[in-house]
Every structure is written in C-alpha cells, then in structure tokens.
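The file model19.cif contains mmCIF, C-alpha atoms:
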```cif
data_run
loop_
_atom_site.group_PDB
_atom_site.id
_atom_site.type_symbol
_atom_site.label_atom_id
_atom_site.label_comp_id
_atom_site.auth_asym_id
_atom_site.auth_seq_id
_atom_site.Cartn_x
_atom_site.Cartn_y
_atom_site.Cartn_z
ATOM 1 C CA MET A 18 107.092 -38.984 -10.386
ATOM 2 C CA ASN A 19 107.023 -42.697 -9.577
ATOM 3 C CA PHE A 20 104.211 -45.137 -10.272
ATOM 4 C CA ASN A 21 102.867 -45.140 -6.706
ATOM 5 C CA GLN A 22 102.501 -41.364 -6.816
ATOM 6 C CA LEU A 23 100.638 -41.564 -10.128
ATOM 7 C CA LYS A 24 98.537 -44.427 -8.780
ATOM 8 C CA SER A 25 97.480 -42.316 -5.783
ATOM 9 C CA ILE A 26 96.104 -39.686 -8.179
ATOM 10 C CA TYR A 27 94.708 -42.098 -10.771
ATOM 11 C CA PRO A 28 93.756 -45.357 -8.950
ATOM 12 C CA SER A 29 92.828 -47.104 -12.183
ATOM 13 C CA ALA A 30 96.308 -46.637 -13.695
ATOM 14 C CA PHE A 31 98.219 -49.862 -14.312
ATOM 15 C CA LEU A 32 101.472 -51.173 -15.793
ATOM 16 C CA THR A 33 102.067 -53.872 -18.430
ATOM 17 C CA ASP A 34 105.121 -55.360 -20.096
ATOM 18 C CA ASP A 35 103.611 -54.867 -23.553
ATOM 19 C CA SER A 36 101.766 -51.887 -24.951
ATOM 20 C CA ASN A 37 98.442 -53.777 -24.626
ATOM 21 C CA ASN A 38 96.797 -50.882 -26.434
ATOM 22 C CA ASP A 39 93.135 -50.069 -26.000
ATOM 23 C CA GLN A 40 91.227 -47.091 -27.373
ATOM 24 C CA ASN A 41 89.848 -46.438 -23.895
ATOM 25 C CA TYR A 42 93.297 -45.849 -22.371
ATOM 26 C CA LEU A 43 96.029 -43.256 -22.708
ATOM 27 C CA THR A 44 99.303 -45.171 -22.924
ATOM 28 C CA PHE A 45 102.938 -44.137 -22.377
ATOM 29 C CA PRO A 46 106.279 -45.973 -22.242
ATOM 30 C CA TYR A 47 107.372 -46.041 -18.590
ATOM 31 C CA GLN A 48 110.599 -47.524 -17.171
ATOM 32 C CA ASN A 49 110.820 -50.339 -19.743
ATOM 33 C CA GLN A 50 107.090 -51.014 -19.299
ATOM 34 C CA TRP A 51 103.884 -49.304 -20.360
ATOM 35 C CA ILE A 52 101.614 -47.252 -18.124
ATOM 36 C CA HIS A 53 97.907 -46.894 -18.908
ATOM 37 C CA PHE A 54 95.351 -44.279 -17.822
ATOM 38 C CA ASP A 55 91.592 -44.533 -18.254
ATOM 39 C CA LYS A 56 90.626 -41.746 -20.700
ATOM 40 C CA LYS A 57 87.195 -41.419 -19.104
ATOM 41 C CA GLN A 58 88.851 -40.259 -15.886
ATOM 42 C CA LEU A 59 91.068 -37.649 -17.562
ATOM 43 C CA THR A 60 90.287 -34.087 -18.547
ATOM 44 C CA SER A 61 91.934 -32.577 -21.614
ATOM 45 C CA SER A 62 94.304 -30.625 -19.373
ATOM 46 C CA GLU A 63 95.240 -33.744 -17.396
ATOM 47 C CA SER A 64 96.058 -35.603 -20.614
ATOM 48 C CA LYS A 65 98.371 -32.805 -21.734
ATOM 49 C CA LEU A 66 99.984 -32.707 -18.294
ATOM 50 C CA LEU A 67 100.638 -36.454 -18.361
ATOM 51 C CA HIS A 68 102.245 -36.091 -21.784
ATOM 52 C CA LEU A 69 104.514 -33.415 -20.367
ATOM 53 C CA ILE A 70 105.399 -35.246 -17.141
ATOM 54 C CA LEU A 71 106.028 -38.686 -18.602
ATOM 55 C CA ASN A 72 107.958 -37.457 -21.621
ATOM 56 C CA LYS A 73 110.080 -35.327 -19.301
ATOM 57 C CA GLU A 74 110.820 -38.267 -17.006
ATOM 58 C CA THR A 75 111.941 -40.503 -19.859
ATOM 59 C CA ASP A 76 114.448 -37.801 -20.756
ATOM 60 C CA ILE A 77 115.804 -37.609 -17.192
ATOM 61 C CA LYS A 78 116.370 -41.369 -17.217
ATOM 62 C CA ASN A 79 118.154 -41.146 -20.581
ATOM 63 C CA PRO A 80 120.753 -38.357 -20.333
ATOM 64 C CA GLU A 81 122.458 -39.634 -23.484
ATOM 65 C CA ASN A 82 119.835 -37.882 -25.624
ATOM 66 C CA PRO A 83 121.651 -35.387 -27.878
ATOM 67 C CA GLN A 84 120.934 -31.691 -27.783
ATOM 68 C CA SER A 85 118.372 -30.929 -30.459
ATOM 69 C CA LYS A 86 116.030 -28.026 -31.058
ATOM 70 C CA TRP A 87 113.383 -30.541 -32.077
ATOM 71 C CA TYR A 88 113.881 -32.544 -28.895
ATOM 72 C CA ASP A 89 113.580 -29.393 -26.806
ATOM 73 C CA PHE A 90 110.450 -28.324 -28.684
ATOM 74 C CA LEU A 91 108.577 -31.637 -28.773
ATOM 75 C CA ILE A 92 109.701 -33.304 -25.558
ATOM 76 C CA GLU A 93 110.951 -30.526 -23.269
ATOM 77 C CA ASN A 94 107.990 -28.286 -24.141
ATOM 78 C CA ASN A 95 110.258 -25.437 -25.258
ATOM 79 C CA SER A 96 108.187 -22.748 -26.993
ATOM 80 C CA ILE A 97 110.929 -21.801 -29.479
ATOM 81 C CA LEU A 98 110.243 -23.205 -32.935
ATOM 82 C CA PRO A 99 112.992 -25.566 -34.122
ATOM 83 C CA ALA A 100 112.915 -24.134 -37.660
ATOM 84 C CA GLU A 101 111.893 -20.897 -39.339
ATOM 85 C CA SER A 102 110.013 -22.332 -42.319
ATOM 86 C CA GLY A 103 109.295 -25.479 -44.290
ATOM 87 C CA ASN A 104 107.177 -28.630 -44.027
ATOM 88 C CA TYR A 105 108.165 -31.457 -41.693
ATOM 89 C CA ARG A 106 106.985 -34.920 -40.790
ATOM 90 C CA ILE A 107 107.688 -36.963 -37.665
ATOM 91 C CA ILE A 108 108.434 -40.664 -38.034
ATOM 92 C CA GLN A 109 107.998 -42.565 -34.777
ATOM 93 C CA PHE A 110 109.665 -45.899 -34.145
ATOM 94 C CA ASN A 111 109.372 -48.483 -31.393
ATOM 95 C CA ILE A 112 111.827 -51.353 -30.939
ATOM 96 C CA LYS A 113 111.055 -54.648 -29.208
ATOM 97 C CA LYS A 114 113.035 -57.751 -28.315
ATOM 98 C CA MET A 115 116.325 -55.921 -27.787
ATOM 99 C CA ASP A 116 119.104 -57.949 -26.221
ATOM 100 C CA THR A 117 121.904 -56.542 -24.076
ATOM 101 C CA ASN A 118 124.148 -56.183 -27.120
ATOM 102 C CA PHE A 119 121.823 -53.851 -28.980
ATOM 103 C CA ASN A 120 123.607 -50.628 -29.941
ATOM 104 C CA LYS A 121 121.068 -47.795 -30.154
ATOM 105 C CA LYS A 122 123.510 -45.309 -31.667
ATOM 106 C CA LEU A 123 124.589 -47.721 -34.388
ATOM 107 C CA TRP A 124 120.979 -48.617 -35.224
ATOM 108 C CA LEU A 125 119.896 -44.970 -35.303
ATOM 109 C CA ASN A 126 122.744 -43.981 -37.629
ATOM 110 C CA ALA A 127 121.837 -46.847 -39.954
ATOM 111 C CA PHE A 128 118.140 -45.978 -39.886
ATOM 112 C CA LYS A 129 118.510 -42.278 -40.637
ATOM 113 C CA SER A 130 121.038 -42.949 -43.416
ATOM 114 C CA PHE A 131 118.148 -44.170 -45.578
ATOM 115 C CA PHE A 132 116.335 -40.815 -45.394
ATOM 116 C CA GLU A 133 117.133 -37.494 -46.999
ATOM 117 C CA ASN A 134 116.917 -34.128 -45.246
ATOM 118 C CA VAL A 135 116.843 -35.521 -41.707
ATOM 119 C CA GLU A 136 116.591 -32.603 -39.278
ATOM 120 C CA ALA A 137 116.915 -34.695 -36.106
ATOM 121 C CA ALA A 138 116.756 -38.304 -34.921
ATOM 122 C CA PHE A 139 116.889 -39.483 -31.323
ATOM 123 C CA PHE A 140 115.671 -42.036 -28.789
ATOM 124 C CA ILE A 141 113.347 -40.799 -26.053
ATOM 125 C CA ASN A 142 113.780 -43.982 -24.015
ATOM 126 C CA ASP A 143 115.308 -47.423 -24.530
ATOM 127 C CA HIS A 144 112.628 -48.478 -27.009
ATOM 128 C CA TYR A 145 110.999 -45.414 -28.522
ATOM 129 C CA GLY A 146 112.255 -42.517 -30.618
ATOM 130 C CA LEU A 147 111.664 -40.022 -33.424
ATOM 131 C CA LEU A 148 113.048 -39.021 -36.787
ATOM 132 C CA ILE A 149 112.130 -35.570 -38.110
ATOM 133 C CA GLN A 150 112.327 -35.099 -41.854
ATOM 134 C CA HIS A 151 112.196 -31.869 -43.863
ATOM 135 C CA TYR A 152 110.236 -32.101 -47.112
ATOM 136 C CA SER A 153 112.076 -30.898 -50.199
ATOM 137 C CA GLY A 154 110.889 -33.261 -52.901
ATOM 138 C CA TYR A 155 110.956 -37.066 -52.895
ATOM 139 C CA SER A 156 110.296 -38.971 -49.681
ATOM 140 C CA LEU A 157 110.380 -42.689 -48.949
ATOM 141 C CA ASN A 158 106.910 -44.182 -48.999
ATOM 142 C CA GLN A 159 105.365 -46.653 -46.588
ATOM 143 C CA ASP A 160 106.383 -49.830 -48.419
ATOM 144 C CA GLU A 161 109.962 -48.617 -48.782
ATOM 145 C CA THR A 162 110.105 -47.821 -45.068
ATOM 146 C CA ILE A 163 108.806 -51.309 -44.253
ATOM 147 C CA GLY A 164 111.603 -52.759 -46.377
ATOM 148 C CA ILE A 165 114.194 -50.687 -44.503
ATOM 149 C CA LEU A 166 112.931 -51.773 -41.085
ATOM 150 C CA GLN A 167 112.750 -55.421 -42.087
ATOM 151 C CA THR A 168 116.375 -55.276 -43.229
ATOM 152 C CA LEU A 169 117.500 -53.579 -40.016
ATOM 153 C CA ASP A 170 115.449 -55.982 -37.905
ATOM 154 C CA ASP A 171 117.286 -58.913 -39.477
ATOM 155 C CA ASP A 172 120.673 -57.232 -39.026
ATOM 156 C CA PHE A 173 120.091 -56.245 -35.382
ATOM 157 C CA SER A 174 117.857 -59.173 -34.311
ATOM 158 C CA ILE A 175 115.033 -56.883 -33.204
ATOM 159 C CA LYS A 176 111.437 -56.098 -34.123
ATOM 160 C CA THR A 177 110.557 -52.536 -35.054
ATOM 161 C CA LYS A 178 107.269 -50.801 -35.764
ATOM 162 C CA GLY A 179 106.865 -47.311 -37.156
ATOM 163 C CA TYR A 180 104.371 -44.538 -37.738
ATOM 164 C CA ILE A 181 104.827 -42.074 -40.601
ATOM 165 C CA GLY A 182 103.278 -38.734 -39.755
ATOM 166 C CA GLN A 183 101.903 -36.280 -42.259
ATOM 167 C CA TYR A 184 103.968 -33.343 -43.475
ATOM 168 C CA TRP A 185 103.024 -30.164 -41.613
ATOM 169 C CA SER A 186 104.147 -26.563 -42.057
ATOM 170 C CA ILE A 187 106.207 -25.392 -39.111
ATOM 171 C CA SER A 188 104.152 -23.723 -36.379
ATOM 172 C CA LEU A 189 103.468 -23.977 -32.671
ATOM 173 C CA GLU A 190 100.547 -26.284 -33.507
ATOM 174 C CA ILE A 191 102.984 -29.026 -34.537
ATOM 175 C CA LYS A 192 103.489 -29.819 -30.857
ATOM 176 C CA ASP A 193 99.786 -30.595 -30.369
ATOM 177 C CA ILE A 194 99.734 -32.518 -33.640
ATOM 178 C CA PHE A 195 102.698 -34.595 -32.490
ATOM 179 C CA ASN A 196 100.984 -35.370 -29.176
ATOM 180 C CA GLU A 197 97.991 -36.732 -31.069
ATOM 181 C CA GLU A 198 100.162 -38.676 -33.513
ATOM 182 C CA GLN A 199 102.026 -40.132 -30.546
ATOM 183 C CA THR A 200 98.764 -41.225 -28.902
ATOM 184 C CA ILE A 201 97.641 -42.793 -32.191
ATOM 185 C CA PHE A 202 100.936 -44.668 -32.510
ATOM 186 C CA PHE A 203 100.839 -46.123 -29.001
ATOM 187 C CA ASN A 204 97.171 -47.081 -29.265
ATOM 188 C CA GLN A 205 97.568 -48.761 -32.660
ATOM 189 C CA LEU A 206 100.986 -50.314 -32.023
ATOM 190 C CA ASP A 207 99.714 -53.888 -31.764
ATOM 191 C CA LYS A 208 96.783 -53.472 -34.133
ATOM 192 C CA SER A 209 98.422 -52.403 -37.399
ATOM 193 C CA LYS A 210 101.076 -53.514 -39.859
ATOM 194 C CA GLN A 211 104.769 -52.864 -39.269
ATOM 195 C CA VAL A 212 104.657 -49.322 -40.638
ATOM 196 C CA PHE A 213 101.418 -47.380 -40.769
ATOM 197 C CA SER A 214 100.142 -43.854 -41.209
ATOM 198 C CA LEU A 215 96.959 -41.885 -40.562
ATOM 199 C CA PRO A 216 94.992 -43.092 -43.629
ATOM 200 C CA ASP A 217 95.532 -46.708 -42.518
ATOM 201 C CA ILE A 218 93.857 -46.303 -39.146
ATOM 202 C CA ALA A 219 91.809 -43.076 -39.278
ATOM 203 C CA LEU A 220 88.444 -44.764 -39.757
ATOM 204 C CA SER A 221 88.855 -47.359 -37.010
ATOM 205 C CA TYR A 222 90.664 -45.018 -34.605
ATOM 206 C CA TYR A 223 88.296 -42.058 -34.736
ATOM 207 C CA ALA A 224 85.092 -44.056 -35.088
ATOM 208 C CA SER A 225 85.791 -46.615 -32.364
ATOM 209 C CA GLU A 226 84.496 -44.602 -29.403
ATOM 210 C CA ALA A 227 81.197 -43.700 -31.098
ATOM 211 C CA LEU A 228 80.752 -47.287 -32.245
ATOM 212 C CA PHE A 229 81.386 -48.585 -28.750
ATOM 213 C CA LYS A 230 78.579 -46.399 -27.390
ATOM 214 C CA SER A 231 76.029 -47.459 -30.013
ATOM 215 C CA PRO A 232 73.533 -50.169 -28.912
ATOM 216 C CA ILE A 233 72.747 -50.808 -32.589
ATOM 217 C CA ILE A 234 76.360 -51.505 -33.447
ATOM 218 C CA GLN A 235 76.856 -53.671 -30.366
ATOM 219 C CA GLN A 236 73.825 -55.766 -31.243
ATOM 220 C CA LEU A 237 74.999 -56.152 -34.838
ATOM 221 C CA LYS A 238 78.427 -57.181 -33.543
ATOM 222 C CA GLU A 239 76.870 -59.942 -31.452
ATOM 223 C CA GLU A 240 74.987 -61.212 -34.478
ATOM 224 C CA LEU A 241 78.132 -61.028 -36.601
ATOM 225 C CA ILE A 242 79.985 -63.293 -34.154
ATOM 226 C CA SER A 243 77.522 -66.083 -34.962
ATOM 227 C CA HIS A 244 78.923 -66.246 -38.497
ATOM 228 C CA SER A 245 82.140 -68.256 -38.323
ATOM 229 C CA GLU A 246 85.225 -66.871 -40.085
ATOM 230 C CA ILE A 247 83.267 -63.846 -41.319
ATOM 231 C CA LYS A 248 85.559 -61.296 -39.673
ATOM 232 C CA GLU A 249 88.553 -62.574 -41.627
ATOM 233 C CA LEU A 250 86.495 -62.533 -44.807
ATOM 234 C CA ILE A 251 85.306 -58.943 -44.260
ATOM 235 C CA THR A 252 88.830 -57.782 -43.520
ATOM 236 C CA ALA A 253 90.176 -59.416 -46.670
ATOM 237 C CA ILE A 254 87.573 -57.773 -48.903
ATOM 238 C CA TRP A 255 88.016 -54.395 -47.202
ATOM 239 C CA LEU A 256 91.814 -54.449 -47.526
ATOM 240 C CA ASN A 257 91.489 -55.347 -51.187
ATOM 241 C CA GLN A 258 88.983 -52.554 -51.848
ATOM 242 C CA GLY A 259 86.120 -54.883 -52.704
ATOM 243 C CA ASN A 260 88.033 -56.885 -55.310
ATOM 244 C CA ILE A 261 86.791 -60.463 -54.904
ATOM 245 C CA SER A 262 89.652 -62.072 -56.835
ATOM 246 C CA LEU A 263 92.332 -60.298 -54.807
ATOM 247 C CA ALA A 264 90.486 -61.056 -51.571
ATOM 248 C CA ALA A 265 90.413 -64.759 -52.486
ATOM 249 C CA LYS A 266 94.174 -64.717 -53.082
ATOM 250 C CA TYR A 267 94.638 -62.920 -49.761
ATOM 251 C CA LEU A 268 92.694 -65.719 -48.021
ATOM 252 C CA TYR A 269 94.386 -68.482 -50.061
ATOM 253 C CA ILE A 270 91.046 -69.833 -51.235
ATOM 254 C CA HIS A 271 89.429 -70.259 -54.646
ATOM 255 C CA ARG A 272 87.343 -67.372 -55.937
ATOM 256 C CA ASN A 273 84.278 -69.612 -56.184
ATOM 257 C CA THR A 274 84.696 -70.625 -52.535
ATOM 258 C CA LEU A 275 84.759 -66.982 -51.501
ATOM 259 C CA GLN A 276 81.732 -66.252 -53.702
ATOM 260 C CA TYR A 277 79.813 -69.076 -52.006
ATOM 261 C CA ARG A 278 80.620 -67.692 -48.548
ATOM 262 C CA LEU A 279 79.532 -64.215 -49.611
ATOM 263 C CA ASP A 280 76.221 -65.508 -50.898
ATOM 264 C CA ARG A 281 75.633 -67.526 -47.739
ATOM 265 C CA PHE A 282 76.432 -64.528 -45.509
ATOM 266 C CA TYR A 283 73.991 -62.385 -47.512
ATOM 267 C CA GLU A 284 71.224 -64.956 -47.120
ATOM 268 C CA GLU A 285 71.748 -65.136 -43.360
ATOM 269 C CA SER A 286 72.340 -61.450 -42.589
ATOM 270 C CA GLY A 287 70.855 -59.433 -45.445
ATOM 271 C CA LEU A 288 74.214 -57.680 -45.871
ATOM 272 C CA SER A 289 76.037 -57.892 -49.189
ATOM 273 C CA LEU A 290 79.810 -57.475 -48.987
ATOM 274 C CA LYS A 291 79.775 -56.653 -52.704
ATOM 275 C CA ASN A 292 77.910 -53.467 -51.852
ATOM 276 C CA ARG A 293 80.207 -50.622 -50.785
ATOM 277 C CA ASP A 294 77.940 -49.322 -48.021
ATOM 278 C CA ASP A 295 77.268 -52.811 -46.634
ATOM 279 C CA LEU A 296 80.993 -53.573 -46.700
ATOM 280 C CA LEU A 297 81.783 -50.377 -44.795
ATOM 281 C CA LEU A 298 79.206 -51.189 -42.132
ATOM 282 C CA CYS A 299 80.511 -54.714 -41.736
ATOM 283 C CA TYR A 300 84.088 -53.471 -41.480
ATOM 284 C CA LEU A 301 83.065 -51.084 -38.722
ATOM 285 C CA LEU A 302 81.536 -54.043 -36.900
ATOM 286 C CA THR A 303 84.939 -55.746 -36.839
ATOM 287 C CA ILE A 304 86.691 -52.801 -35.127
#
```
How would this structure read if it were set down as structure tokens?
Amino acid sequence: MNFNQLKSIYPSAFLTDDSNNDQNYLTFPYQNQWIHFDKKQLTSSESKLLHLILNKETDIKNPENPQSKWYDFLIENNSILPAESGNYRIIQFNIKKMDTNFNKKLWLNAFKSFFENVEAAFFINDHYGLLIQHYSGYSLNQDETIGILQTLDDDFSIKTKGYIGQYWSISLEIKDIFNEEQTIFFNQLDKSKQVFSLPDIALSYYASEALFKSPIIQQLKEELISHSEIKELITAIWLNQGNISLAAKYLYIHRNTLQYRLDRFYEESGLSLKNRDDLLLCYLLTI
C-alpha cells in the first residue's frame, strides 16, 4: 500500500525524514522515511492492522531478510511459536547516517557476536532491525550495550540507537508485547539516551497523555517556563536521584551555586526539589 492510498484513508498522515517522534502519533519506518498517524483517529484494531501492513511491506521491499521462525512470528504474523520454552528478550536497533558503503550483513554479524544465546538477528528495513536473545544466565547490561554500539558506530561511521526489551516467557502474547515495545522505541527514539529500556521511560511515556489532558499540569508548566534554566536543573536532580552533589557535577557547577538556585526556586514557586514528591511533580512538568 503506497502513501497516497494510506493518505486517502487517514488524511492527517504525513511523512518525515527523521522519526520526529511525538506521543500523539503512531510512527513507522516507511521507504527510508517515517510515516506518522494521529492516535486519536485510530481504533485499537486499526493500530494493529497498520502494524501488520507496514511491517509486511518493509519485508517485501527487503527480500534479503533470512528465513527465521522469529521473523515469521513477529513480522509475518505467523501464529506458530518460534520456540517451545524459555525466556526471551527483543533488542531493537535503529541505524542513522549510513553511507552507500555500509554493509548491513557485516555490521549485524559484528553486533550479534557480542551477545550469547542469540536466537535470531535480522534487519526489517534498511535502518531498523531486531536481535532476539534467549536467557540462560548472564546478559549484557545497558551500559555494556552502549559501549558495544559506540565502538561499532566508530568502526562503521554510523549512529545507532537501541532498546533493550524485558525478558518474557514464550507465549502468543509476546507478539503483542513486541508491538508495544516497538511503538515505545519509535516514540522515544529521539528523546532518550543511546540505549534505553522500559524503566528509563515508563514514567514519562505512560503518564504523558494524562498529563497533557490536565489543566492543572498545563498551568503549572506555563508557570515553570518563567523560571530560566529550571528544566535542566530538575532533570539533573532527577537523573541523580536527588543527590545534590552529583547533580552539581552533572551540571558542571559548584554545589553552593546549585543550592542557591534551589532555594531561589523554592521561594518563587513553593516547590522544594529536595523533597521527593515535589521533585517528582516538577519532573512530570518537564515531560
């Protein structure tokens, strides 16, 4: 199905060169671009259908994809489970700034060589692909995966981002779980660090829609904007779990300077970023 056909059904659909992710849109890779659909105009069934159609079309345009039970199950919508038992996680990756000399097969072989118990690894289109890993003990953590991608990025002159899914026991529900993890990945692609996972974005991702609808939150956001540099300050304290010294190092300022700004913000807003509940509220205002 081409873009004009999709546009005739969903007039608000549009294409961009970058993912340009927004919580209000359902986003898919599409012919070396990104296609976006307004979630408010989609039913649950329509969203699932778009997942099926667009994933299927990326496969048709990329016949080099290897035969894989996992590919058939996740992308081709085959109902046969790819394994009989065990726990598995899906690592998604997206590559940008590829030149004409980029060798996908070589990169993929290098990438999967760092992981143990790889069940399958494949590209779905020119930029996006999956690695499925079977859990049997030790697994690379997030920081280690970031190190791997940074090394490969330097070697291949590319920029890669990844999402590490949770381990799930094999069942038909994994397909629905993957669809949600895929939506999370595309929507957070330009909003998170190089490699992220559900705990990193769960609060902002799942709370964003409710926050957007709240007149209280919107009013507080407007008031927050009047405080210069406060968003950066809130983010620093949140990422460092309320530790003022670490937050000051993160911001490259003296601890006393940060303390002064905190006191001034409290005097002007009545919100203390030293208080856990106040800090959480302020963080939500920055989403």
Test item: residues at most 10 Å from Leu256 of chain A, only C-alpha atoms, excluding those fewer than 5 positions along its chain, as a VMD selection string: chain A and resid 217 251 263 to 264 267 300
Pick out the closest residue to Gly287 of chain A from this set: A:Ser174, A:Cys299, A:Thr274, A:Trp87. Count all atoms listed in the file.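 Of all the options, A:Cys299 lies closest to Gly287 of chain A.
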Hey, what comes out of the PyMOL selection byres ((chain A and resi 195-207) around 9) on this file? Could you write it as number ranges by chain? A: 36-40, 42-46, 65, 68, 91, 107, 109-111, 178-180, 182, 190-194, 208-211, 213-215, 218, 222
If the PyMOL selection byres ((chain A and resi 188) around 9) is run on the structure shown, which residues does it catch, given as an NGL selection string? :A and (98 or 100-102 or 185-187 or 189-192)
Selection dump of the PyMOL selection byres ((chain A and resi 51-59) around 8), as a list of chain:residue names: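 When the PyMOL selection byres ((chain A and resi 51-59) around 8) is applied, the selected residues are A:Tyr27, A:Ser29, A:Ala30, A:Phe31, A:Leu32, A:Thr33, A:Asp34, A:Asp35, A:Ser36, A:Asn41, A:Tyr42, A:Leu43, A:Thr44, A:Phe45, A:Pro46, A:Tyr47, A:Gln48, A:Asn49, A:Gln50, A:Thr60, A:Ser61, A:Ser62, A:Glu63, A:Ser64.
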Taking only C-alpha atoms into account, which of A:Leu302, A:Leu157, A:Ile270, A:Val212 comes nearest Glu239 of chain A?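 Of A:Leu302, A:Leu157, A:Ile270, A:Val212, the one nearest Glu239 of chain A is A:Leu302, counting only C-alpha atoms.
A straight line drawn from atom CA of Ser85 of chain A to atom CA of Ile163 of chain A is 26.4 Å long.
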Rounded to one decimal in Å, what is the spacing between atom CA of Leu125 of chain A and atom CA of Ala138 of chain A?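 About the pair atom CA of Leu125 of chain A and atom CA of Ala138 of chain A: they are 7.4 Å apart.
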Record the distance separating atom CA of Tyr152 of chain A and atom CA of Tyr223 of chain A, expressed in Å with one decimal.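 So the answer is 27.1 Å.
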Counting all atoms listed in the file, the option among A:Asn158, A:Asn19, A:Ser286, A:Ser225 closest to His244 of chain A: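 Among A:Asn158, A:Asn19, A:Ser286, A:Ser225, it is A:Ser286 that comes nearest to His244 of chain A.
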Which is closest to Asn104 of chain A among A:Glu136, A:Glu240, A:Glu284, A:Asp294, if we use only C-alpha atoms? A:Glu136
Using all atoms listed in the file, can you tell me which of A:Ile304, A:Gly259, A:Ser153, A:Glu133 comes closest to Lys238 of chain A? A:Ile304
Around all of segment 179-182 of chain A's listed atoms, make the axis-aligned box with 6 Å on each side and tell me centre and edge lengths in Å to one decimal, as JSON.
```
{"center_x": 105.1, "center_y": -43.0, "center_z": -38.9, "size_x": 15.6, "size_y": 20.6, "size_z": 15.4}
```
With distances taken over only C-alpha atoms, which of A:Arg281, A:Lys230, A:Lys86, A:His151 is nearest to Phe139 of chain A? A:Lys86
Show which residues sit within 8 Å of Leu290 of chain A, as a PyMOL selection string. Count all atoms listed in the file, and ignore same-chain residues fewer than 2 positions away. chain A and resi 251+254+259+279+283+288+292-293+295-296+299
Reconstruct segment 90-96 of chain A at the level of all heavy atoms, and format the result as a PDB file, in the frame of the given file.
```
ATOM      1  N   PHE A  90     111.781 -28.822 -28.322  1.00  0.00           N
ATOM      2  CA  PHE A  90     110.450 -28.324 -28.684  1.00  0.00           C
ATOM      3  C   PHE A  90     109.374 -29.373 -28.421  1.00  0.00           C
ATOM      4  O   PHE A  90     108.338 -29.078 -27.805  1.00  0.00           O
ATOM      5  CB  PHE A  90     110.442 -27.919 -30.155  1.00  0.00           C
ATOM      6  CG  PHE A  90     109.113 -27.418 -30.658  1.00  0.00           C
ATOM      7  CD1 PHE A  90     108.583 -26.216 -30.206  1.00  0.00           C
ATOM      8  CD2 PHE A  90     108.391 -28.152 -31.591  1.00  0.00           C
ATOM      9  CE1 PHE A  90     107.352 -25.763 -30.674  1.00  0.00           C
ATOM     10  CE2 PHE A  90     107.175 -27.702 -32.067  1.00  0.00           C
ATOM     11  CZ  PHE A  90     106.646 -26.505 -31.609  1.00  0.00           C
ATOM     12  N   LEU A  91     109.609 -30.596 -28.867  1.00  0.00           N
ATOM     13  CA  LEU A  91     108.577 -31.637 -28.773  1.00  0.00           C
ATOM     14  C   LEU A  91     108.513 -32.311 -27.411  1.00  0.00           C
ATOM     15  O   LEU A  91     107.426 -32.617 -26.915  1.00  0.00           O
ATOM     16  CB  LEU A  91     108.818 -32.706 -29.853  1.00  0.00           C
ATOM     17  CG  LEU A  91     108.678 -32.272 -31.300  1.00  0.00           C
ATOM     18  CD1 LEU A  91     109.120 -33.393 -32.229  1.00  0.00           C
ATOM     19  CD2 LEU A  91     107.250 -31.847 -31.623  1.00  0.00           C
ATOM     20  N   ILE A  92     109.652 -32.526 -26.790  1.00  0.00           N
ATOM     21  CA  ILE A  92     109.701 -33.304 -25.558  1.00  0.00           C
ATOM     22  C   ILE A  92     109.861 -32.425 -24.324  1.00  0.00           C
ATOM     23  O   ILE A  92     109.221 -32.656 -23.287  1.00  0.00           O
ATOM     24  CB  ILE A  92     110.847 -34.338 -25.614  1.00  0.00           C
ATOM     25  CG1 ILE A  92     110.764 -35.158 -26.909  1.00  0.00           C
ATOM     26  CG2 ILE A  92     110.806 -35.240 -24.385  1.00  0.00           C
ATOM     27  CD1 ILE A  92     109.436 -35.855 -27.124  1.00  0.00           C
ATOM     28  N   GLU A  93     110.711 -31.402 -24.417  1.00  0.00           N
ATOM     29  CA  GLU A  93     110.951 -30.526 -23.269  1.00  0.00           C
ATOM     30  C   GLU A  93     109.940 -29.393 -23.158  1.00  0.00           C
ATOM     31  O   GLU A  93     109.977 -28.595 -22.224  1.00  0.00           O
ATOM     32  CB  GLU A  93     112.361 -29.931 -23.369  1.00  0.00           C
ATOM     33  CG  GLU A  93     113.474 -30.920 -23.149  1.00  0.00           C
ATOM     34  CD  GLU A  93     113.620 -31.274 -21.686  1.00  0.00           C
ATOM     35  OE1 GLU A  93     112.861 -30.735 -20.857  1.00  0.00           O
ATOM     36  OE2 GLU A  93     114.475 -32.111 -21.362  1.00  0.00           O
ATOM     37  N   ASN A  94     109.029 -29.321 -24.143  1.00  0.00           N
ATOM     38  CA  ASN A  94     107.990 -28.286 -24.141  1.00  0.00           C
ATOM     39  C   ASN A  94     108.562 -26.879 -24.275  1.00  0.00           C
ATOM     40  O   ASN A  94     107.991 -25.898 -23.792  1.00  0.00           O
ATOM     41  CB  ASN A  94     107.135 -28.364 -22.873  1.00  0.00           C
ATOM     42  CG  ASN A  94     105.729 -27.847 -23.097  1.00  0.00           C
ATOM     43  OD1 ASN A  94     105.198 -27.945 -24.204  1.00  0.00           O
ATOM     44  ND2 ASN A  94     105.122 -27.302 -22.067  1.00  0.00           N
ATOM     45  N   ASN A  95     109.685 -26.755 -24.957  1.00  0.00           N
ATOM     46  CA  ASN A  95     110.258 -25.437 -25.258  1.00  0.00           C
ATOM     47  C   ASN A  95     109.374 -24.743 -26.288  1.00  0.00           C
ATOM     48  O   ASN A  95     108.948 -25.349 -27.262  1.00  0.00           O
ATOM     49  CB  ASN A  95     111.681 -25.625 -25.806  1.00  0.00           C
ATOM     50  CG  ASN A  95     112.448 -24.332 -25.886  1.00  0.00           C
ATOM     51  OD1 ASN A  95     111.901 -23.309 -26.299  1.00  0.00           O
ATOM     52  ND2 ASN A  95     113.717 -24.362 -25.508  1.00  0.00           N
ATOM     53  N   SER A  96     109.098 -23.482 -26.104  1.00  0.00           N
ATOM     54  CA  SER A  96     108.187 -22.748 -26.993  1.00  0.00           C
ATOM     55  C   SER A  96     108.876 -22.172 -28.222  1.00  0.00           C
ATOM     56  O   SER A  96     108.222 -21.584 -29.086  1.00  0.00           O
ATOM     57  CB  SER A  96     107.496 -21.623 -26.222  1.00  0.00           C
ATOM     58  OG  SER A  96     108.454 -20.711 -25.717  1.00  0.00           O
TER      59      SER A  96
END
```
